[in-house]
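The next block is coords-v2.pdb, given as PDB, C-alpha atoms, pLDDT in the B column.
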```
ATOM      1  CA  ASN A   1       2.691  -1.385  21.145  1.00 67.00           C
ATOM      2  CA  ALA A   2       4.359  -3.297  18.307  1.00 78.00           C
ATOM      3  CA  GLY A   3       1.992  -2.194  15.502  1.00 94.00           C
ATOM      4  CA  VAL A   4       1.945  -4.754  12.692  1.00 97.00           C
ATOM      5  CA  THR A   5       4.371  -7.668  12.954  1.00 97.00           C
ATOM      6  CA  GLN A   6       5.103 -10.091  10.140  1.00 98.00           C
ATOM      7  CA  THR A   7       6.871 -13.420  10.446  1.00 97.00           C
ATOM      8  CA  PRO A   8       9.074 -14.678   8.971  1.00 97.00           C
ATOM      9  CA  LYS A   9      11.117 -11.841   7.467  1.00 97.00           C
ATOM     10  CA  PHE A  10      12.853 -14.034   4.885  1.00 97.00           C
ATOM     11  CA  ARG A  11      12.160 -17.477   3.492  1.00 97.00           C
ATOM     12  CA  VAL A  12      13.389 -19.647   0.650  1.00 98.00           C
ATOM     13  CA  LEU A  13      11.030 -22.379  -0.561  1.00 97.00           C
ATOM     14  CA  LYS A  14      11.358 -25.102  -3.096  1.00 98.00           C
ATOM     15  CA  THR A  15       8.693 -25.379  -5.792  1.00 98.00           C
ATOM     16  CA  GLY A  16       5.747 -27.320  -4.445  1.00 98.00           C
ATOM     17  CA  GLN A  17       6.431 -26.664  -0.777  1.00 98.00           C
ATOM     18  CA  SER A  18       3.864 -24.976   1.430  1.00 97.00           C
ATOM     19  CA  MET A  19       4.172 -22.270   4.048  1.00 97.00           C
ATOM     20  CA  THR A  20       2.171 -19.814   6.117  1.00 98.00           C
ATOM     21  CA  LEU A  21       2.959 -16.162   6.637  1.00 98.00           C
ATOM     22  CA  LEU A  22       1.720 -14.655   9.876  1.00 98.00           C
ATOM     23  CA  CYS A  23       0.557 -11.085  10.351  1.00 98.00           C
ATOM     24  CA  ALA A  24      -0.250  -9.886  13.864  1.00 98.00           C
ATOM     25  CA  GLN A  25      -1.506  -6.453  14.930  1.00 97.00           C
ATOM     26  CA  ASP A  26      -2.055  -5.109  18.418  1.00 96.00           C
ATOM     27  CA  MET A  27      -4.041  -1.986  17.490  1.00 94.00           C
ATOM     28  CA  ASN A  28      -7.515  -3.571  17.533  1.00 93.00           C
ATOM     29  CA  HIS A  29      -7.930  -2.856  13.816  1.00 92.00           C
ATOM     30  CA  GLU A  30     -10.911  -4.389  12.054  1.00 91.00           C
ATOM     31  CA  TYR A  31      -9.463  -4.405   8.568  1.00 94.00           C
ATOM     32  CA  MET A  32      -6.445  -6.389   7.441  1.00 96.00           C
ATOM     33  CA  TYR A  33      -4.861  -6.878   4.035  1.00 97.00           C
ATOM     34  CA  TRP A  34      -2.201  -8.909   2.262  1.00 98.00           C
ATOM     35  CA  TYR A  35      -0.316  -7.348  -0.654  1.00 98.00           C
ATOM     36  CA  ARG A  36       2.543  -8.521  -2.800  1.00 98.00           C
ATOM     37  CA  GLN A  37       5.144  -6.110  -4.153  1.00 97.00           C
ATOM     38  CA  ASP A  38       6.936  -6.792  -7.410  1.00 95.00           C
ATOM     39  CA  PRO A  39       9.263  -4.428  -9.316  1.00 88.00           C
ATOM     40  CA  GLY A  40       7.357  -2.121 -11.639  1.00 87.00           C
ATOM     41  CA  MET A  41       3.986  -3.429 -10.506  1.00 89.00           C
ATOM     42  CA  GLY A  42       3.413  -1.602  -7.280  1.00 92.00           C
ATOM     43  CA  LEU A  43       1.509  -3.300  -4.485  1.00 97.00           C
ATOM     44  CA  ARG A  44      -1.227  -5.717  -5.530  1.00 97.00           C
ATOM     45  CA  LEU A  45      -3.944  -6.882  -3.185  1.00 97.00           C
ATOM     46  CA  ILE A  46      -4.071 -10.654  -2.628  1.00 98.00           C
ATOM     47  CA  HIS A  47      -6.776 -11.084   0.031  1.00 98.00           C
ATOM     48  CA  TYR A  48      -8.320  -8.932   2.701  1.00 96.00           C
ATOM     49  CA  SER A  49     -10.538  -9.162   5.770  1.00 95.00           C
ATOM     50  CA  VAL A  50     -13.132  -6.772   7.145  1.00 91.00           C
ATOM     51  CA  GLY A  51     -13.330  -8.442  10.546  1.00 91.00           C
ATOM     52  CA  GLU A  52     -12.740 -11.592  12.550  1.00 94.00           C
ATOM     53  CA  GLY A  53     -13.932 -14.648  10.672  1.00 95.00           C
ATOM     54  CA  THR A  54     -14.221 -12.872   7.306  1.00 94.00           C
ATOM     55  CA  THR A  55     -12.010 -13.028   4.211  1.00 96.00           C
ATOM     56  CA  ALA A  56     -12.371 -11.828   0.636  1.00 96.00           C
ATOM     57  CA  LYS A  57     -10.406 -12.061  -2.601  1.00 97.00           C
ATOM     58  CA  GLY A  58      -8.391  -9.175  -3.911  1.00 96.00           C
ATOM     59  CA  GLU A  59      -6.803  -8.559  -7.280  1.00 95.00           C
ATOM     60  CA  VAL A  60      -4.392 -11.544  -7.396  1.00 97.00           C
ATOM     61  CA  PRO A  61      -5.781 -14.313  -5.110  1.00 98.00           C
ATOM     62  CA  ASP A  62      -4.860 -17.421  -7.131  1.00 97.00           C
ATOM     63  CA  GLY A  63      -2.453 -19.766  -5.351  1.00 97.00           C
ATOM     64  CA  TYR A  64      -3.072 -18.214  -1.928  1.00 98.00           C
ATOM     65  CA  ASN A  65      -5.458 -18.843   0.945  1.00 97.00           C
ATOM     66  CA  VAL A  66      -6.089 -16.801   4.071  1.00 98.00           C
ATOM     67  CA  SER A  67      -7.683 -17.147   7.457  1.00 98.00           C
ATOM     68  CA  ARG A  68      -8.655 -14.727  10.207  1.00 97.00           C
ATOM     69  CA  LEU A  69      -9.704 -16.822  13.173  1.00 96.00           C
ATOM     70  CA  LYS A  70      -8.687 -14.112  15.649  1.00 96.00           C
ATOM     71  CA  LYS A  71      -9.103 -10.379  15.149  1.00 96.00           C
ATOM     72  CA  GLN A  72      -5.433  -9.675  15.694  1.00 97.00           C
ATOM     73  CA  ASN A  73      -4.059 -12.297  13.282  1.00 98.00           C
ATOM     74  CA  PHE A  74      -4.279 -12.663   9.514  1.00 98.00           C
ATOM     75  CA  LEU A  75      -2.570 -15.686   7.987  1.00 98.00           C
ATOM     76  CA  LEU A  76      -1.537 -16.062   4.351  1.00 98.00           C
ATOM     77  CA  GLY A  77      -0.953 -19.592   3.079  1.00 98.00           C
ATOM     78  CA  LEU A  78       0.773 -20.914   0.012  1.00 97.00           C
ATOM     79  CA  GLU A  79      -0.300 -24.524  -0.533  1.00 93.00           C
ATOM     80  CA  SER A  80       2.084 -25.364  -3.392  1.00 97.00           C
ATOM     81  CA  ALA A  81       4.637 -22.638  -3.983  1.00 97.00           C
ATOM     82  CA  ALA A  82       5.584 -21.626  -7.535  1.00 98.00           C
ATOM     83  CA  PRO A  83       8.493 -19.456  -8.755  1.00 97.00           C
ATOM     84  CA  SER A  84       5.906 -16.825  -9.817  1.00 97.00           C
ATOM     85  CA  GLN A  85       5.167 -16.321  -6.120  1.00 98.00           C
ATOM     86  CA  THR A  86       8.649 -15.008  -5.484  1.00 98.00           C
ATOM     87  CA  SER A  87       7.919 -11.558  -4.115  1.00 98.00           C
ATOM     88  CA  VAL A  88       7.919  -9.301  -1.095  1.00 97.00           C
ATOM     89  CA  TYR A  89       4.709  -9.710   0.886  1.00 98.00           C
ATOM     90  CA  PHE A  90       3.305  -6.907   2.992  1.00 98.00           C
ATOM     91  CA  CYS A  91       0.545  -7.141   5.514  1.00 98.00           C
ATOM     92  CA  ALA A  92      -1.387  -4.016   6.459  1.00 97.00           C
ATOM     93  CA  SER A  93      -4.126  -3.161   8.902  1.00 96.00           C
ATOM     94  CA  SER A  94      -6.492  -0.248   9.220  1.00 93.00           C
ATOM     95  CA  TYR A  95      -8.843   1.234  11.805  1.00 87.00           C
ATOM     96  CA  GLY A  96     -10.513   3.624   9.395  1.00 79.00           C
ATOM     97  CA  ILE A  97      -8.894   4.074   6.042  1.00 78.00           C
ATOM     98  CA  THR A  98      -9.603   7.780   5.657  1.00 79.00           C
ATOM     99  CA  ASP A  99      -8.622   8.501   9.256  1.00 76.00           C
ATOM    100  CA  TYR A 100      -5.246   6.870   9.582  1.00 76.00           C
ATOM    101  CA  GLY A 101      -4.638   4.988   6.338  1.00 86.00           C
ATOM    102  CA  TYR A 102      -2.871   1.668   6.378  1.00 93.00           C
ATOM    103  CA  THR A 103      -0.258   0.573   8.899  1.00 94.00           C
ATOM    104  CA  PHE A 104       2.115  -1.786   7.117  1.00 97.00           C
ATOM    105  CA  GLY A 105       4.214  -4.596   8.504  1.00 97.00           C
ATOM    106  CA  SER A 106       7.913  -4.772   7.695  1.00 97.00           C
ATOM    107  CA  GLY A 107       7.449  -7.300   4.898  1.00 97.00           C
ATOM    108  CA  THR A 108       8.427 -10.898   4.129  1.00 97.00           C
ATOM    109  CA  ARG A 109      10.855 -11.571   1.316  1.00 97.00           C
ATOM    110  CA  LEU A 110       9.952 -14.946  -0.206  1.00 98.00           C
ATOM    111  CA  THR A 111      12.008 -16.720  -2.836  1.00 98.00           C
ATOM    112  CA  VAL A 112      10.696 -19.855  -4.539  1.00 98.00           C
ATOM    113  CA  VAL A 113      13.341 -21.885  -6.342  1.00 97.00           C
TER     114      VAL A 113
ATOM    115  CA  GLY B 114     -12.324  -2.846 -10.526  1.00 86.00           C
ATOM    116  CA  GLU B 115     -10.167   0.202  -9.985  1.00 92.00           C
ATOM    117  CA  ASN B 116      -7.046   0.747 -12.085  1.00 95.00           C
ATOM    118  CA  VAL B 117      -4.400   3.298 -11.114  1.00 97.00           C
ATOM    119  CA  GLU B 118      -1.667   4.393 -13.505  1.00 97.00           C
ATOM    120  CA  GLN B 119       1.365   6.288 -12.179  1.00 98.00           C
ATOM    121  CA  HIS B 120       4.000   8.309 -14.049  1.00 97.00           C
ATOM    122  CA  PRO B 121       6.889   8.659 -14.324  1.00 98.00           C
ATOM    123  CA  SER B 122       8.400   5.369 -13.190  1.00 97.00           C
ATOM    124  CA  THR B 123      11.685   7.106 -12.358  1.00 98.00           C
ATOM    125  CA  LEU B 124      12.415  10.741 -11.589  1.00 98.00           C
ATOM    126  CA  SER B 125      15.793  12.319 -10.998  1.00 98.00           C
ATOM    127  CA  VAL B 126      16.118  15.894  -9.713  1.00 98.00           C
ATOM    128  CA  GLN B 127      18.748  18.161  -8.204  1.00 98.00           C
ATOM    129  CA  GLU B 128      18.481  19.123  -4.564  1.00 98.00           C
ATOM    130  CA  GLY B 129      16.252  22.172  -4.226  1.00 98.00           C
ATOM    131  CA  ASP B 130      14.259  21.457  -7.386  1.00 98.00           C
ATOM    132  CA  SER B 131      10.594  20.494  -7.393  1.00 98.00           C
ATOM    133  CA  ALA B 132       9.289  17.013  -8.202  1.00 98.00           C
ATOM    134  CA  VAL B 133       5.866  16.118  -9.564  1.00 98.00           C
ATOM    135  CA  ILE B 134       4.368  12.631  -9.774  1.00 98.00           C
ATOM    136  CA  LYS B 135       1.063  12.046 -11.535  1.00 98.00           C
ATOM    137  CA  CYS B 136      -1.596   9.355 -11.233  1.00 98.00           C
ATOM    138  CA  THR B 137      -4.817   8.603 -13.046  1.00 98.00           C
ATOM    139  CA  TYR B 138      -7.626   6.382 -11.821  1.00 98.00           C
ATOM    140  CA  SER B 139     -10.490   4.633 -13.575  1.00 97.00           C
ATOM    141  CA  ASP B 140     -13.291   4.318 -11.013  1.00 96.00           C
ATOM    142  CA  SER B 141     -15.267   7.550 -10.845  1.00 95.00           C
ATOM    143  CA  ALA B 142     -16.642   6.430  -7.448  1.00 93.00           C
ATOM    144  CA  SER B 143     -13.185   6.496  -5.838  1.00 94.00           C
ATOM    145  CA  ASN B 144     -13.118   9.166  -3.158  1.00 93.00           C
ATOM    146  CA  TYR B 145      -9.915   8.745  -1.178  1.00 94.00           C
ATOM    147  CA  PHE B 146      -6.392   9.209  -2.580  1.00 96.00           C
ATOM    148  CA  PRO B 147      -3.356   8.645  -0.341  1.00 96.00           C
ATOM    149  CA  TRP B 148       0.338   8.801  -1.142  1.00 97.00           C
ATOM    150  CA  TYR B 149       2.876   6.472   0.437  1.00 97.00           C
ATOM    151  CA  LYS B 150       6.651   6.768   0.664  1.00 98.00           C
ATOM    152  CA  GLN B 151       8.825   3.681   0.823  1.00 97.00           C
ATOM    153  CA  GLU B 152      12.493   4.043   1.655  1.00 97.00           C
ATOM    154  CA  LEU B 153      14.864   1.315   0.570  1.00 94.00           C
ATOM    155  CA  GLY B 154      14.210  -1.890   2.491  1.00 92.00           C
ATOM    156  CA  LYS B 155      11.475  -0.294   4.595  1.00 95.00           C
ATOM    157  CA  ARG B 156       7.715  -0.489   4.773  1.00 96.00           C
ATOM    158  CA  PRO B 157       5.478   2.029   2.950  1.00 96.00           C
ATOM    159  CA  GLN B 158       4.368   4.946   5.090  1.00 95.00           C
ATOM    160  CA  LEU B 159       1.532   7.392   4.533  1.00 95.00           C
ATOM    161  CA  ILE B 160       2.786  10.911   3.787  1.00 96.00           C
ATOM    162  CA  ILE B 161      -0.332  12.751   2.649  1.00 96.00           C
ATOM    163  CA  ASP B 162      -3.845  12.034   1.477  1.00 95.00           C
ATOM    164  CA  ILE B 163      -6.788  13.832  -0.073  1.00 94.00           C
ATOM    165  CA  ARG B 164     -10.494  13.204  -0.197  1.00 92.00           C
ATOM    166  CA  SER B 165     -12.686  13.810  -3.203  1.00 89.00           C
ATOM    167  CA  ASN B 166     -14.388  16.844  -1.699  1.00 88.00           C
ATOM    168  CA  VAL B 167     -11.098  18.767  -1.672  1.00 87.00           C
ATOM    169  CA  GLY B 168      -9.070  19.990  -4.639  1.00 92.00           C
ATOM    170  CA  GLU B 169      -5.727  20.569  -2.949  1.00 96.00           C
ATOM    171  CA  LYS B 170      -3.978  19.796   0.315  1.00 96.00           C
ATOM    172  CA  LYS B 171      -0.586  20.944   1.574  1.00 97.00           C
ATOM    173  CA  ASP B 172       1.713  19.786   4.332  1.00 95.00           C
ATOM    174  CA  GLN B 173       4.944  21.769   4.489  1.00 96.00           C
ATOM    175  CA  ARG B 174       6.928  20.866   1.364  1.00 97.00           C
ATOM    176  CA  ILE B 175       4.465  18.369  -0.043  1.00 98.00           C
ATOM    177  CA  ALA B 176       1.103  18.967  -1.663  1.00 98.00           C
ATOM    178  CA  VAL B 177      -1.461  16.895  -3.469  1.00 98.00           C
ATOM    179  CA  THR B 178      -3.935  18.113  -6.085  1.00 97.00           C
ATOM    180  CA  LEU B 179      -7.012  16.307  -7.339  1.00 97.00           C
ATOM    181  CA  ASN B 180      -8.976  16.776 -10.558  1.00 96.00           C
ATOM    182  CA  LYS B 181     -12.108  14.647 -10.249  1.00 95.00           C
ATOM    183  CA  THR B 182     -13.382  15.513 -13.705  1.00 94.00           C
ATOM    184  CA  ALA B 183     -10.218  14.267 -15.373  1.00 96.00           C
ATOM    185  CA  LYS B 184      -9.727  11.522 -12.770  1.00 96.00           C
ATOM    186  CA  HIS B 185      -6.166  12.366 -11.969  1.00 96.00           C
ATOM    187  CA  PHE B 186      -4.199  13.491  -8.934  1.00 98.00           C
ATOM    188  CA  SER B 187      -0.638  14.586  -8.408  1.00 98.00           C
ATOM    189  CA  LEU B 188       2.017  14.792  -5.708  1.00 98.00           C
ATOM    190  CA  HIS B 189       4.173  17.907  -5.598  1.00 98.00           C
ATOM    191  CA  ILE B 190       7.378  18.069  -3.565  1.00 98.00           C
ATOM    192  CA  THR B 191       9.105  21.444  -3.378  1.00 98.00           C
ATOM    193  CA  GLU B 192      12.665  22.217  -2.295  1.00 98.00           C
ATOM    194  CA  THR B 193      13.631  18.557  -2.568  1.00 98.00           C
ATOM    195  CA  GLN B 194      16.268  17.141  -0.240  1.00 98.00           C
ATOM    196  CA  PRO B 195      18.374  13.957  -0.530  1.00 97.00           C
ATOM    197  CA  GLU B 196      16.251  12.347   2.202  1.00 97.00           C
ATOM    198  CA  ASP B 197      13.243  12.638  -0.118  1.00 98.00           C
ATOM    199  CA  SER B 198      14.858   9.904  -2.252  1.00 98.00           C
ATOM    200  CA  ALA B 199      12.521   6.907  -2.089  1.00 98.00           C
ATOM    201  CA  VAL B 200       9.783   5.084  -3.984  1.00 97.00           C
ATOM    202  CA  TYR B 201       6.463   6.909  -3.959  1.00 98.00           C
ATOM    203  CA  PHE B 202       3.143   5.166  -4.487  1.00 98.00           C
ATOM    204  CA  CYS B 203      -0.213   6.734  -5.193  1.00 98.00           C
ATOM    205  CA  ALA B 204      -3.385   4.853  -4.379  1.00 97.00           C
ATOM    206  CA  ALA B 205      -7.136   5.160  -4.760  1.00 96.00           C
ATOM    207  CA  SER B 206     -10.074   3.776  -2.836  1.00 94.00           C
ATOM    208  CA  ARG B 207     -13.830   3.873  -2.745  1.00 92.00           C
ATOM    209  CA  ALA B 208     -14.081   4.481   0.989  1.00 86.00           C
ATOM    210  CA  ALA B 209     -17.415   4.080   2.749  1.00 85.00           C
ATOM    211  CA  LEU B 210     -18.631   4.441   6.310  1.00 80.00           C
ATOM    212  CA  ASN B 211     -19.644   1.251   8.033  1.00 76.00           C
ATOM    213  CA  ALA B 212     -22.243   0.864  10.794  1.00 75.00           C
ATOM    214  CA  GLY B 213     -19.589   1.464  13.435  1.00 74.00           C
ATOM    215  CA  GLY B 214     -18.690   4.857  12.002  1.00 75.00           C
ATOM    216  CA  THR B 215     -15.245   3.929  10.675  1.00 77.00           C
ATOM    217  CA  SER B 216     -14.336   4.204   7.021  1.00 80.00           C
ATOM    218  CA  TYR B 217     -13.750   0.993   5.135  1.00 84.00           C
ATOM    219  CA  GLY B 218     -11.929   0.691   1.859  1.00 87.00           C
ATOM    220  CA  LYS B 219      -9.235  -1.243   0.076  1.00 92.00           C
ATOM    221  CA  LEU B 220      -6.438   0.586  -1.690  1.00 95.00           C
ATOM    222  CA  THR B 221      -5.446   0.066  -5.314  1.00 96.00           C
ATOM    223  CA  PHE B 222      -1.868   1.238  -5.797  1.00 97.00           C
ATOM    224  CA  GLY B 223      -0.046   2.720  -8.740  1.00 97.00           C
ATOM    225  CA  GLN B 224       3.148   1.135 -10.036  1.00 97.00           C
ATOM    226  CA  GLY B 225       5.438   3.421  -8.051  1.00 97.00           C
ATOM    227  CA  THR B 226       7.922   6.192  -8.860  1.00 97.00           C
ATOM    228  CA  ILE B 227      11.587   5.960  -7.896  1.00 97.00           C
ATOM    229  CA  LEU B 228      12.601   9.502  -6.922  1.00 98.00           C
ATOM    230  CA  THR B 229      16.302  10.280  -6.697  1.00 98.00           C
ATOM    231  CA  VAL B 230      17.411  13.658  -5.342  1.00 98.00           C
ATOM    232  CA  HIS B 231      21.038  14.452  -6.165  1.00 97.00           C
ATOM    233  CA  PRO B 232      22.968  16.661  -3.711  1.00 95.00           C
TER     234      PRO B 232
END
```

Starting from the file, give its structure as structure tokens.
Amino acid sequence: NAGVTQTPKFRVLKTGQSMTLLCAQDMNHEYMYWYRQDPGMGLRLIHYSVGEGTTAKGEVPDGYNVSRLKKQNFLLGLESAAPSQTSVYFCASSYGITDYGYTFGSGTRLTVV
Amino acid sequence: GENVEQHPSTLSVQEGDSAVIKCTYSDSASNYFPWYKQELGKRPQLIIDIRSNVGEKKDQRIAVTLNKTAKHFSLHITETQPEDSAVYFCAASRAALNAGGTSYGKLTFGQGTILTVHP
């Protein structure tokens, strides 16, 4: 039981490049979320999903796209990376938020130069 | 949408002292308030939570209080230890039951508090 696994753990991109971050969970959770963490700003919700095939925008969705083709996977894409997207990205999943809260992945540190 | 403000941004205490972190929220319909602890380089982990039908909850050295009228909630850590040093985040959510009986909600986090406990 691996919990929530994020790949890659680190990445450096050049401005304009694209990439996909993968989040995989093996807990059969319905709900999955992508957050970004920046100093002094806490964790801000980018996109989320309430089940396979569904996605919705969070607080800071611009410049990102997501897909959830399989229940266990939630992908975050950056089509044309910008320096403002330099951040630590956390994926989280949840069975029932008031029962067990979020289970977070270990994070992806992304630098855009 | 929900807005959560957290204070202070940094807190330094001596080992054995108490630490208090406060948060306010804007959405009066929010009904679930968890606290997460994030050690350096690690992922956030849930340490305690409270629902809107409860005013206080304790778990050993940590406690959370909620004032729904004023829309604020606080984390209290007593007898602090160096291993309590971490970043603490409060969060709020309007949690609802779905047809399957599980509770759905998305968390809005505060800005975080860096707690340092000096030996």

Hits from the PyMOL selection byres ((chain B) within 12 of (chain A)), listed as JSON, numbers by chain: {"B": [114, 115, 116, 117, 118, 119, 120, 121, 122, 123, 144, 145, 146, 147, 148, 149, 150, 151, 152, 153, 154, 155, 156, 157, 158, 159, 160, 161, 162, 163, 164, 165, 200, 201, 202, 203, 204, 205, 206, 207, 208, 209, 210, 211, 213, 214, 215, 216, 217, 218, 219, 220, 221, 222, 223, 224, 225, 226, 227]}

C-alpha atoms of the current selection, written as a tab-separated table (two decimals), in the coordinates of the input:
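Result written to again_23.tsv:
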```
chain	number	residue	atom	x	y	z
B	114	GLY	CA	-12.32	-2.85	-10.53
B	115	GLU	CA	-10.17	0.20	-9.98
B	116	ASN	CA	-7.05	0.75	-12.08
B	117	VAL	CA	-4.40	3.30	-11.11
B	118	GLU	CA	-1.67	4.39	-13.50
B	119	GLN	CA	1.36	6.29	-12.18
B	120	HIS	CA	4.00	8.31	-14.05
B	121	PRO	CA	6.89	8.66	-14.32
B	122	SER	CA	8.40	5.37	-13.19
B	123	THR	CA	11.68	7.11	-12.36
B	144	ASN	CA	-13.12	9.17	-3.16
B	145	TYR	CA	-9.91	8.74	-1.18
B	146	PHE	CA	-6.39	9.21	-2.58
B	147	PRO	CA	-3.36	8.64	-0.34
B	148	TRP	CA	0.34	8.80	-1.14
B	149	TYR	CA	2.88	6.47	0.44
B	150	LYS	CA	6.65	6.77	0.66
B	151	GLN	CA	8.82	3.68	0.82
B	152	GLU	CA	12.49	4.04	1.66
B	153	LEU	CA	14.86	1.32	0.57
B	154	GLY	CA	14.21	-1.89	2.49
B	155	LYS	CA	11.48	-0.29	4.60
B	156	ARG	CA	7.72	-0.49	4.77
B	157	PRO	CA	5.48	2.03	2.95
B	158	GLN	CA	4.37	4.95	5.09
B	159	LEU	CA	1.53	7.39	4.53
B	160	ILE	CA	2.79	10.91	3.79
B	161	ILE	CA	-0.33	12.75	2.65
B	162	ASP	CA	-3.84	12.03	1.48
B	163	ILE	CA	-6.79	13.83	-0.07
B	164	ARG	CA	-10.49	13.20	-0.20
B	165	SER	CA	-12.69	13.81	-3.20
B	200	VAL	CA	9.78	5.08	-3.98
B	201	TYR	CA	6.46	6.91	-3.96
B	202	PHE	CA	3.14	5.17	-4.49
B	203	CYS	CA	-0.21	6.73	-5.19
B	204	ALA	CA	-3.38	4.85	-4.38
B	205	ALA	CA	-7.14	5.16	-4.76
B	206	SER	CA	-10.07	3.78	-2.84
B	207	ARG	CA	-13.83	3.87	-2.74
B	208	ALA	CA	-14.08	4.48	0.99
B	209	ALA	CA	-17.42	4.08	2.75
B	210	LEU	CA	-18.63	4.44	6.31
B	211	ASN	CA	-19.64	1.25	8.03
B	213	GLY	CA	-19.59	1.46	13.44
B	214	GLY	CA	-18.69	4.86	12.00
B	215	THR	CA	-15.24	3.93	10.68
B	216	SER	CA	-14.34	4.20	7.02
B	217	TYR	CA	-13.75	0.99	5.14
B	218	GLY	CA	-11.93	0.69	1.86
B	219	LYS	CA	-9.24	-1.24	0.08
B	220	LEU	CA	-6.44	0.59	-1.69
B	221	THR	CA	-5.45	0.07	-5.31
B	222	PHE	CA	-1.87	1.24	-5.80
B	223	GLY	CA	-0.05	2.72	-8.74
B	224	GLN	CA	3.15	1.14	-10.04
B	225	GLY	CA	5.44	3.42	-8.05
B	226	THR	CA	7.92	6.19	-8.86
B	227	ILE	CA	11.59	5.96	-7.90
```

Rounded to one decimal place, report the CA of Gln127 (chain B)-CA of Phe186 (chain B) distance in Å.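 Atom-to-atom, CA of Gln127 (chain B) and CA of Phe186 (chain B) are spaced 23.4 Å apart.
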
Have a look at A:Met27, A:Leu76, A:Ala82, A:Val112 and name the one nearest to Thr7 (chain A); count all atoms listed in the file.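 Ranked by minimum distance to Thr7 (chain A), first place goes to A:Leu76.
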
Please expand the PyMOL selection byres ((chain B and resi 130) around 10) into the concrete residues it hits in this file, giving the result as a PyMOL selection string. chain B and resi 125-129+131-132+190-194+230-231

Find the distance between CA of Gly53 (chain A) and CA of Gln72 (chain A) and write it in Å to one decimal.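 We find that CA of Gly53 (chain A) and CA of Gln72 (chain A) lie 11.1 Å from each other.
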
To verify the selection step, state as a CSV table (one decimal) with C-alpha atoms, in the coordinates of the input which residues the PyMOL selection byres ((chain A and resi 87) around 6) yields on this input.
```
chain,number,residue,atom,x,y,z
A,38,ASP,CA,6.9,-6.8,-7.4
A,85,GLN,CA,5.2,-16.3,-6.1
A,86,THR,CA,8.6,-15.0,-5.5
A,88,VAL,CA,7.9,-9.3,-1.1
A,110,LEU,CA,10.0,-14.9,-0.2
```

Using CA of Arg68 (chain A) and CA of Leu13 (chain A) as the two end points, give the distance in Å to one decimal.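 So the answer is 23.7 Å.
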
Near Leu188 (chain B), within 7 Å and counting all atoms listed in the file, which residues show up once chain neighbours fewer than 4 positions away are dropped, as a compact mmCIF listing (two decimals) with C-alpha atoms, in the coordinates of the input?
```
# COMPACT_ATOMS: atom_id res chain seq x y z
CA VAL B 133 5.87 16.12 -9.56
CA ILE B 134 4.37 12.63 -9.77
CA LYS B 135 1.06 12.05 -11.54
CA ALA B 176 1.10 18.97 -1.66
CA VAL B 177 -1.46 16.90 -3.47
CA THR B 178 -3.94 18.11 -6.08
```

For Asn28 (chain A), the nearest of the candidates A:Val4, A:Gly77, A:Thr54, A:Tyr64, counting all atoms listed in the file: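 Ranked by minimum distance to Asn28 (chain A), first place goes to A:Val4.
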
A:Ala24, A:Ala2, A:Met19, A:Val113: which is nearest Pro83 (chain A), counting only C-alpha atoms?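 Between A:Ala24, A:Ala2, A:Met19, A:Val113, the residue approaching Pro83 (chain A) most closely is A:Val113.
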
Hey, which of B:Ser187, B:Ser139, B:Ala212, B:Lys181 ends up closest to Val167 (chain B)? Count only C-alpha atoms.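 The shortest atom-to-atom distance to Val167 (chain B) comes from B:Lys181.
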
Pick out the closest residue to Leu22 (chain A) from this set: A:Trp34, A:Gln6, A:Ala56, A:Leu78. Count only C-alpha atoms. A:Gln6

Return the single residue from B:Cys136, B:Ser198, B:Pro232, B:Leu124 that is closest to Ala183 (chain B), with distances computed using only C-alpha atoms.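 Counting only C-alpha atoms, the residue closest to Ala183 (chain B) is B:Cys136.
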